[in-house]
Amino acid sequence: MSRFLSRSLAALAPYTPGEQPQDRRYIKLNTNESPYPPAPGVLDALNRQEAADLRLYSDPEAKALKAALAAQYGLEPQNVYVGNGSDEALNFAFMAYATDGRGVAFADITYGFYPVFADLYRISPRIIPLDGAFRLRGEDYYGLNQTIVIANPNAPTGLALSRAEMEEIIKRNPDSVVVVDEAYVDFGGESCVPLIPKYDNLLVVQTYSKSRSMAGARLGYALGSETLIQDLETIKFSTNPYNVNRLTLRAGAAALAEQAYFDDNCRKIMDTRAYTKAALEDMGFTVLDSKANFLFAKTPALSGLEVYRRLKEKGILVRHFEKDPIRDFNRITIGTREQMDAMLQALNEILN
Ligand code: PMP
């Protein structure tokens with residue numbers, strides 16, 4: 001820390017992203033990226049002309065992409081915010097709705113960025129424990145009278161609430177914003193997007209990073225009532241009006257044009273997830289019932305850290321959180337069938 005850093009930021013403990021090692025080639029199952037390339041139309045959209053046009057600023061209103069996303073979800077462009085990854089949309093939601101003493105509530109086991117945002121804005125969050133089976137209990141979120149942030153499906157467990165369960169939470173907090181982080185919803189979860197016309201306090205956040213194979217493009221979006229979207233736009237135009245670059249705006253719209261490619265990729269991931277879960281269970285692992293592009297699994301034979309370390313030695317990266325009560329687990333991203341077979345083979349060697 002330099003002597004120049006604001007005192008209010010001195011104690012900040014930043015988010016630790018999953019490893020992105022540049023030293024050797026790993027089978028990378030640690031940051032929930034897609035094993036498949038972006039849709040072919042995305043590659044075509046990123047051509048020489050687009051590269052030449054990088055001399056120009058991007059459209060600060062992101063009109064074309066917002067129109068495409070609105071059409072995709074049966075909403076109006078005024079219901080769409082686009083940002084530099086969904087992390088940015090989440091950051092802005094914390095800034096907009098959790099400061100000024102209003103407060104924020106989220107689960108004890110959930111996306112690790114929420115406590116960092118709370119810390120950044122000097123908010124003491126209300127931390128709500130999951131139940132003994134790592135499930136989020138909807139009732140715990142009724143009538144909280146503060147901003148609520150729920151990852152659904154949750155990370156790193158992969159467990160999901162139904163749309164009906166989510167609606168009950170949204171309905172019972174009419175004077176608070178409910179942020180539903182749907183980063184993983186395309187792998188079998190029930191989206192809250194159809195509830196948007198009914199509830200002006202619902203903000204759904206999604207991303208291109210997982211199901212659309214575009215983590216490196218940094219593109220996320222929020223869907224909600226026009227007034228909520230206006231709030232995020234106000235913050236964006238007060239911080240970084242050109243928050244999404246030209247190439248990413250183009251790529252994002254192109255990706256939406258290829259629904260069949262998208263559906264097929266999600267289907268393959270879900271099939272591979274079922275295959276991998278069954279194989280892990282055969283090996284004695286406990287595996288949570290994931291609706292995401294990862295599995296959360298533990299074995300009685302070895303500690304979670306040991307499993308992580310030995311897999312890494314064998315060139316396979318998974319994500320381990322050295323934190324109670326999940327330290328026995330590892331989060332394993334669903335890759336291709338071949339990658340999963342290599343991971344299972346490595347685990348077999350480690351356990352025998
Ligand atoms: N929400 C959840 C639950 C996540 O796991 C992630 C991925 N780290 C994000 C949001 C952020 O994704 P991105 O910024 O790449 O859109």
# chains A, B, ... in the order shown; residues from 1 in each chain; ligands from 1
$ residues_around --residues "Phe237 of chain A" --least-positions-apart "4" --cutoff "12 Å" --atoms "only C-alpha atoms" --output "ChimeraX atom specification"
/A:60-61,81,83,92,230-233,241-243
$ write_last_selection --atoms "N, CA and C atoms" --output "PDB file, in the first residue's frame"
ATOM      1  N   PRO A  60     -21.662   4.792 -27.121  1.00  0.00           N
ATOM      2  CA  PRO A  60     -21.886   4.804 -25.666  1.00  0.00           C
ATOM      3  C   PRO A  60     -23.293   4.347 -25.299  1.00  0.00           C
ATOM      4  N   GLU A  61     -24.203   4.382 -26.259  1.00  0.00           N
ATOM      5  CA  GLU A  61     -25.565   3.902 -25.965  1.00  0.00           C
ATOM      6  C   GLU A  61     -25.757   2.443 -26.361  1.00  0.00           C
ATOM      7  N   TYR A  81     -29.286  -2.997 -19.921  1.00  0.00           N
ATOM      8  CA  TYR A  81     -28.017  -2.306 -19.665  1.00  0.00           C
ATOM      9  C   TYR A  81     -26.908  -3.250 -20.136  1.00  0.00           C
ATOM     10  N   GLY A  83     -22.666  -3.995 -20.059  1.00  0.00           N
ATOM     11  CA  GLY A  83     -21.484  -3.574 -19.323  1.00  0.00           C
ATOM     12  C   GLY A  83     -20.261  -4.423 -19.592  1.00  0.00           C
ATOM     13  N   PHE A  92     -22.047  -1.861 -10.186  1.00  0.00           N
ATOM     14  CA  PHE A  92     -22.933  -0.698 -10.273  1.00  0.00           C
ATOM     15  C   PHE A  92     -24.211  -0.917  -9.459  1.00  0.00           C
ATOM     16  N   GLN A 230     -32.106   2.874 -15.956  1.00  0.00           N
ATOM     17  CA  GLN A 230     -31.681   4.285 -15.936  1.00  0.00           C
ATOM     18  C   GLN A 230     -30.658   4.543 -14.833  1.00  0.00           C
ATOM     19  N   ASP A 231     -30.881   3.937 -13.681  1.00  0.00           N
ATOM     20  CA  ASP A 231     -29.937   4.115 -12.564  1.00  0.00           C
ATOM     21  C   ASP A 231     -28.541   3.632 -12.962  1.00  0.00           C
ATOM     22  N   LEU A 232     -28.494   2.447 -13.564  1.00  0.00           N
ATOM     23  CA  LEU A 232     -27.185   1.908 -13.962  1.00  0.00           C
ATOM     24  C   LEU A 232     -26.553   2.781 -15.039  1.00  0.00           C
ATOM     25  N   GLU A 233     -27.380   3.293 -15.950  1.00  0.00           N
ATOM     26  CA  GLU A 233     -26.856   4.168 -17.004  1.00  0.00           C
ATOM     27  C   GLU A 233     -26.273   5.447 -16.398  1.00  0.00           C
ATOM     28  N   PRO A 241     -18.298   6.026 -19.979  1.00  0.00           N
ATOM     29  CA  PRO A 241     -19.375   5.966 -20.984  1.00  0.00           C
ATOM     30  C   PRO A 241     -19.127   4.925 -22.084  1.00  0.00           C
ATOM     31  N   TYR A 242     -17.839   4.709 -22.439  1.00  0.00           N
ATOM     32  CA  TYR A 242     -17.521   3.738 -23.501  1.00  0.00           C
ATOM     33  C   TYR A 242     -17.112   2.418 -22.861  1.00  0.00           C
ATOM     34  N   ASN A 243     -17.921   1.929 -21.966  1.00  0.00           N
ATOM     35  CA  ASN A 243     -17.496   0.790 -21.149  1.00  0.00           C
ATOM     36  C   ASN A 243     -17.387  -0.514 -21.929  1.00  0.00           C
TER      37      ASN A 243
END
$ residues_near_ligand --ligand "ligand 1" --cutoff "8 Å" --atoms "only C-alpha atoms and all ligand atoms" --output "ChimeraX atom specification"
/A:17,31-32,84-88,90,110-111,113,151-156,181-184,206-210,215-216,218-220
$ closest_atom_pairs --of "segment 176-281 of chain A" --to "segment 297-311 of chain A" --cutoff "12 Å" --atoms "only C-alpha atoms" --output "JSON lines"
{"residue": "A:Thr276", "atom": "CA", "partner": "A:Ala297", "partner_atom": "CA", "distance": 10.7}
{"residue": "A:Lys277", "atom": "CA", "partner": "A:Ala297", "partner_atom": "CA", "distance": 8.7}
{"residue": "A:Ala278", "atom": "CA", "partner": "A:Ala297", "partner_atom": "CA", "distance": 11.5}
{"residue": "A:Ala279", "atom": "CA", "partner": "A:Ala297", "partner_atom": "CA", "distance": 11.5}
{"residue": "A:Leu280", "atom": "CA", "partner": "A:Ala297", "partner_atom": "CA", "distance": 8.0}
{"residue": "A:Glu281", "atom": "CA", "partner": "A:Ala297", "partner_atom": "CA", "distance": 9.0}
$ closest_residue --among "A:Asp53, A:Pro77, A:Thr248, A:Lys314" --to "Ser225 of chain A" --atoms "only C-alpha atoms"
A:Pro77
$ residues_around --residues "Leu9 of chain A" --least-positions-apart "6" --cutoff "10 Å" --atoms "only C-alpha atoms" --output "ChimeraX atom specification"
/A:1,119-122
$ select_by_dssp --residues "segment 46-131 of chain A" --states "helix (DSSP H, G or I)" --output "ChimeraX atom specification"
/A:48-55,63-73,77-79,86-97,113-120
$ residues_around --residues "segment 260-272 of chain A" --least-positions-apart "2" --cutoff "9 Å" --atoms "only C-alpha atoms" --output "ChimeraX atom specification"
/A:34-36,38-40,186-188,211-212,255-258,274-277,291-293,334-337,340
$ atom_distance --atom1 "atom CA of Phe329 of chain A" --atom2 "atom CA of Leu130 of chain A"
15.5 Å
$ select_by_dssp --residues "segment 26-143 of chain A" --states "strand (DSSP E)" --output "ChimeraX atom specification"
/A:27-28,80-83,104-107,126-128
$ residues_around --residues "Ala251 of chain A" --least-positions-apart "6" --cutoff "8 Å" --atoms "only C-alpha atoms" --output "compact mmCIF listing (two decimals) with N, CA, C and O atoms, in the first residue's frame"
# COMPACT_ATOMS: atom_id res chain seq x y z
N GLY A 41 -20.33 -16.83 -36.36
CA GLY A 41 -20.63 -15.45 -36.76
C GLY A 41 -19.83 -14.42 -35.96
O GLY A 41 -19.58 -13.31 -36.44
N VAL A 42 -19.46 -14.79 -34.74
CA VAL A 42 -18.65 -13.88 -33.91
C VAL A 42 -17.27 -13.71 -34.55
O VAL A 42 -16.73 -12.61 -34.64
N LEU A 43 -16.72 -14.82 -35.03
CA LEU A 43 -15.39 -14.75 -35.65
C LEU A 43 -15.44 -13.89 -36.91
O LEU A 43 -14.55 -13.08 -37.16
N ALA A 45 -17.49 -11.45 -37.44
CA ALA A 45 -17.74 -10.05 -37.09
C ALA A 45 -16.46 -9.32 -36.69
O ALA A 45 -16.38 -8.09 -36.79
N LEU A 46 -15.47 -10.07 -36.25
CA LEU A 46 -14.22 -9.44 -35.79
C LEU A 46 -13.22 -9.40 -36.95
O LEU A 46 -12.16 -10.00 -36.89
$ residues_around --residues "Pro194 of chain A" --least-positions-apart "4" --cutoff "12 Å" --atoms "only C-alpha atoms" --output "list of chain:residue names"
A:Gln72, A:Tyr73, A:Gly74, A:Leu75, A:Arg163, A:Ala164, A:Met166, A:Glu167, A:Glu190, A:Lys198, A:Tyr199, A:Leu202, A:Leu203, A:Val204, A:Leu223, A:Gly224, A:Ser225
$ closest_residue --among "A:Val179, A:Gly132, A:Ala346, A:Ala217" --to "Arg250 of chain A" --atoms "only C-alpha atoms"
A:Ala217
$ closest_residue --among "A:Gly138, A:Pro197, A:Gly101, A:Pro21" --to "Asn79 of chain A" --atoms "only C-alpha atoms"
A:Pro197
$ residues_around --residues "Arg25 of chain A" --least-positions-apart "2" --cutoff "12 Å" --atoms "only C-alpha atoms" --output "list of chain:residue names"
A:Gln20, A:Pro21, A:Gln22, A:Asp23, A:Ile27, A:Lys28, A:Leu29, A:Lys312, A:Glu313, A:Lys314, A:Gly315, A:Ile316, A:Leu317
$ write_last_selection --atoms "N, CA, C and O atoms" --output "short mmCIF file (atom, residue, chain, number, x, y, z; two decimals), in the first residue's frame"
data_model
loop_
_atom_site.label_atom_id
_atom_site.label_comp_id
_atom_site.auth_asym_id
_atom_site.auth_seq_id
_atom_site.Cartn_x
_atom_site.Cartn_y
_atom_site.Cartn_z
N GLN A 20 -5.00 -17.89 -13.88
CA GLN A 20 -4.92 -17.87 -15.35
C GLN A 20 -3.45 -18.08 -15.69
O GLN A 20 -2.76 -17.17 -16.16
N PRO A 21 -2.94 -19.29 -15.44
CA PRO A 21 -1.49 -19.50 -15.57
C PRO A 21 -1.03 -19.33 -17.02
O PRO A 21 -1.71 -19.73 -17.96
N GLN A 22 0.11 -18.72 -17.18
CA GLN A 22 0.66 -18.50 -18.52
C GLN A 22 1.90 -19.37 -18.73
O GLN A 22 2.55 -19.28 -19.76
N ASP A 23 2.27 -20.19 -17.72
CA ASP A 23 3.55 -20.90 -17.78
C ASP A 23 3.47 -22.21 -18.55
O ASP A 23 4.34 -22.54 -19.33
N ILE A 27 -5.21 -28.40 -18.48
CA ILE A 27 -6.63 -28.59 -18.76
C ILE A 27 -7.32 -27.69 -17.76
O ILE A 27 -7.27 -27.92 -16.55
N LYS A 28 -7.91 -26.63 -18.25
CA LYS A 28 -8.35 -25.53 -17.39
C LYS A 28 -9.81 -25.69 -17.01
O LYS A 28 -10.71 -25.37 -17.78
N LEU A 29 -10.02 -26.20 -15.81
CA LEU A 29 -11.39 -26.43 -15.34
C LEU A 29 -11.62 -25.61 -14.07
O LEU A 29 -12.26 -26.06 -13.13
N LYS A 312 -3.44 -30.51 -9.99
CA LYS A 312 -2.59 -29.49 -10.61
C LYS A 312 -1.26 -30.08 -11.05
O LYS A 312 -0.75 -29.78 -12.13
N GLU A 313 -0.69 -30.94 -10.19
CA GLU A 313 0.56 -31.61 -10.56
C GLU A 313 0.39 -32.38 -11.87
O GLU A 313 1.33 -32.54 -12.63
N LYS A 314 -0.81 -32.89 -12.09
CA LYS A 314 -1.07 -33.66 -13.30
C LYS A 314 -1.57 -32.77 -14.44
O LYS A 314 -2.08 -33.27 -15.44
N GLY A 315 -1.47 -31.47 -14.27
CA GLY A 315 -1.80 -30.56 -15.37
C GLY A 315 -3.27 -30.24 -15.47
O GLY A 315 -3.73 -29.82 -16.54
N ILE A 316 -4.01 -30.44 -14.38
CA ILE A 316 -5.45 -30.15 -14.44
C ILE A 316 -5.80 -29.15 -13.34
O ILE A 316 -5.53 -29.38 -12.16
N LEU A 317 -6.35 -28.04 -13.74
CA LEU A 317 -6.68 -26.99 -12.79
C LEU A 317 -8.16 -27.02 -12.45
O LEU A 317 -9.01 -26.99 -13.35
#
$ atom_distance --atom1 "atom CA of Val180 of chain A" --atom2 "atom CA of Ile332 of chain A"
22.9 Å
$ atom_distance --atom1 "atom CA of Tyr142 of chain A" --atom2 "atom CA of Ile128 of chain A"
11.8 Å
$ closest_residue --among "A:Tyr97, A:Phe117, A:Tyr141, A:Tyr57" --to "Ile169 of chain A" --atoms "only C-alpha atoms"
A:Tyr141
